[in-house]
Amino acid sequence: MTPITATALPATPVAHAIPCADLVSHRTYLVRFAQRRLHDPMLAEDLVHDVFEAVLSGRASFGGRSALRSWLTAILKHKVVDLIRQRAGTVSLDDGDDEEDGPGTPCPLPRPDERAEQRERLTRTLARIEALPAGLRDVMRLRVLQDESTDAVCQALSISEDNLFVRLHRARRQLLS
């Protein structure tokens, strides 16, 4: 019988620790990637936050077999697919027959009743933002409503970029609940 040497054993993937700064350096790319697929900036931010949360909590471990950006993008792709599958059970794009609508294409502009409903929804949402705790309200005002850059918001509020993203995530969660 031949002795087993270290070279005879199969190589097992080793998880690499990823510094937070390395994750954050890919954030802009990941958000743009998610926005192109979802067409919803807030949802894209939430999914990227979920990717970072999975990596930092250890639910996903980087084996070093690919570039970090490729690996993060793959995790994000899976999260996008999961979200689309989850929503597919609740929203259908093919609810009715085309023949019921009649000939021609529908008008792309909202009807007056739809406009009024949108205004009411916007008013309620703005009121909910104003009711948030000060730290969450300020980041929502500056980053989302006024579309200030991440750096400008961090400087204005004297917070780190990581803290900004945490606050945005918490504010969105409170608005959705």
# chains A, B, ... in the order shown; residues from 1 in each chain; ligands from 1
>>> select_by_dssp(residues="region 4-173 of chain A", states="helix (DSSP H, G or I)", output="ChimeraX atom specification")
/A:6-8,20-25,27-38,41-57,68-88,98-101,112-130,134-145,150-157,161-173
>>> write_last_selection(atoms="C-alpha atoms", output="short mmCIF file (atom, residue, chain, number, x, y, z; two decimals), in the first residue's frame")
data_model
loop_
_atom_site.label_atom_id
_atom_site.label_comp_id
_atom_site.auth_asym_id
_atom_site.auth_seq_id
_atom_site.Cartn_x
_atom_site.Cartn_y
_atom_site.Cartn_z
CA ALA A 6 -0.37 15.94 0.54
CA THR A 7 -0.16 16.12 -3.25
CA ALA A 8 -2.47 13.12 -3.62
CA CYS A 20 -15.08 45.80 3.29
CA ALA A 21 -13.25 48.43 1.22
CA ASP A 22 -12.84 45.91 -1.62
CA LEU A 23 -16.59 45.23 -1.59
CA VAL A 24 -17.48 48.90 -1.59
CA SER A 25 -15.16 49.55 -4.54
CA ARG A 27 -20.71 48.84 -5.39
CA THR A 28 -21.28 51.38 -8.19
CA TYR A 29 -20.80 48.71 -10.86
CA LEU A 30 -23.15 46.29 -9.09
CA VAL A 31 -25.86 48.92 -8.62
CA ARG A 32 -25.71 49.86 -12.31
CA PHE A 33 -25.83 46.19 -13.25
CA ALA A 34 -28.94 45.62 -11.13
CA GLN A 35 -30.62 48.82 -12.36
CA ARG A 36 -30.22 47.73 -15.99
CA ARG A 37 -32.07 44.53 -15.21
CA LEU A 38 -34.69 45.77 -12.77
CA PRO A 41 -32.91 52.18 -8.56
CA MET A 42 -34.15 51.56 -5.01
CA LEU A 43 -34.64 47.86 -5.62
CA ALA A 44 -31.18 47.68 -7.21
CA GLU A 45 -29.65 49.30 -4.10
CA ASP A 46 -31.48 46.82 -1.87
CA LEU A 47 -30.24 43.81 -3.84
CA VAL A 48 -26.64 45.05 -3.79
CA HIS A 49 -26.99 45.57 -0.03
CA ASP A 50 -28.28 41.99 0.24
CA VAL A 51 -25.22 40.77 -1.70
CA PHE A 52 -22.88 42.60 0.69
CA GLU A 53 -24.83 41.30 3.66
CA ALA A 54 -24.51 37.72 2.39
CA VAL A 55 -20.76 38.11 1.87
CA LEU A 56 -20.06 39.84 5.18
CA SER A 57 -22.24 37.45 7.19
CA LEU A 68 -13.96 39.38 -7.08
CA ARG A 69 -16.21 41.49 -9.34
CA SER A 70 -17.24 38.43 -11.35
CA TRP A 71 -18.08 36.53 -8.19
CA LEU A 72 -20.10 39.43 -6.74
CA THR A 73 -21.91 39.85 -10.06
CA ALA A 74 -22.82 36.15 -10.08
CA ILE A 75 -24.32 36.45 -6.59
CA LEU A 76 -26.25 39.53 -7.71
CA LYS A 77 -27.53 37.70 -10.81
CA HIS A 78 -28.91 34.95 -8.60
CA LYS A 79 -30.59 37.51 -6.35
CA VAL A 80 -32.17 39.22 -9.39
CA VAL A 81 -33.45 35.89 -10.71
CA ASP A 82 -34.83 34.98 -7.27
CA LEU A 83 -36.63 38.32 -7.08
CA ILE A 84 -38.12 37.93 -10.56
CA ARG A 85 -39.28 34.41 -9.74
CA GLN A 86 -40.79 35.60 -6.46
CA ARG A 87 -42.69 38.38 -8.21
CA ALA A 88 -43.78 36.16 -11.08
CA ASP A 98 -55.33 41.18 -26.40
CA GLU A 99 -58.64 40.98 -28.21
CA GLU A 100 -60.49 42.47 -25.23
CA ASP A 101 -58.50 45.69 -25.51
CA PRO A 112 -56.67 61.76 -15.14
CA ASP A 113 -57.78 59.29 -12.46
CA GLU A 114 -54.41 57.53 -12.66
CA ARG A 115 -52.63 60.88 -12.31
CA ALA A 116 -54.68 61.73 -9.22
CA GLU A 117 -53.89 58.33 -7.74
CA GLN A 118 -50.16 58.83 -8.44
CA ARG A 119 -50.25 62.26 -6.75
CA GLU A 120 -51.98 60.80 -3.69
CA ARG A 121 -49.42 57.99 -3.49
CA LEU A 122 -46.57 60.48 -3.82
CA THR A 123 -48.07 62.67 -1.08
CA ARG A 124 -48.41 59.67 1.25
CA THR A 125 -44.84 58.54 0.51
CA LEU A 126 -43.40 62.00 1.14
CA ALA A 127 -45.34 62.18 4.41
CA ARG A 128 -43.93 58.79 5.44
CA ILE A 129 -40.41 59.98 4.63
CA GLU A 130 -40.96 63.05 6.81
CA ALA A 134 -33.99 62.23 11.61
CA GLY A 135 -30.98 60.15 10.51
CA LEU A 136 -33.02 58.08 8.08
CA ARG A 137 -35.08 61.04 6.88
CA ASP A 138 -31.96 63.07 6.07
CA VAL A 139 -30.37 60.36 3.92
CA MET A 140 -33.65 59.81 2.06
CA ARG A 141 -34.02 63.54 1.40
CA LEU A 142 -30.46 64.07 0.22
CA ARG A 143 -29.68 60.83 -1.62
CA VAL A 144 -33.07 59.81 -3.01
CA LEU A 145 -35.22 62.93 -3.29
CA THR A 150 -22.93 59.51 -2.23
CA ASP A 151 -19.83 61.55 -1.38
CA ALA A 152 -21.83 64.77 -0.99
CA VAL A 153 -24.34 63.11 1.33
CA CYS A 154 -21.60 61.52 3.43
CA GLN A 155 -19.83 64.87 3.78
CA ALA A 156 -23.05 66.76 4.56
CA LEU A 157 -24.06 64.31 7.29
CA GLU A 161 -20.32 55.46 2.96
CA ASP A 162 -21.14 52.18 4.69
CA ASN A 163 -23.29 54.00 7.22
CA LEU A 164 -25.12 55.80 4.41
CA PHE A 165 -26.04 52.52 2.74
CA VAL A 166 -27.20 51.01 6.02
CA ARG A 167 -29.38 54.03 6.71
CA LEU A 168 -30.85 53.96 3.18
CA HIS A 169 -31.62 50.27 3.56
CA ARG A 170 -33.30 50.79 6.94
CA ALA A 171 -35.31 53.76 5.66
CA ARG A 172 -36.57 51.78 2.66
CA ARG A 173 -37.51 48.87 4.89
#
>>> closest_residue(among="A:Ile18, A:Asp40, A:Gln146, A:Gln174", to="Ala60 (chain A)", atoms="only C-alpha atoms")
A:Ile18
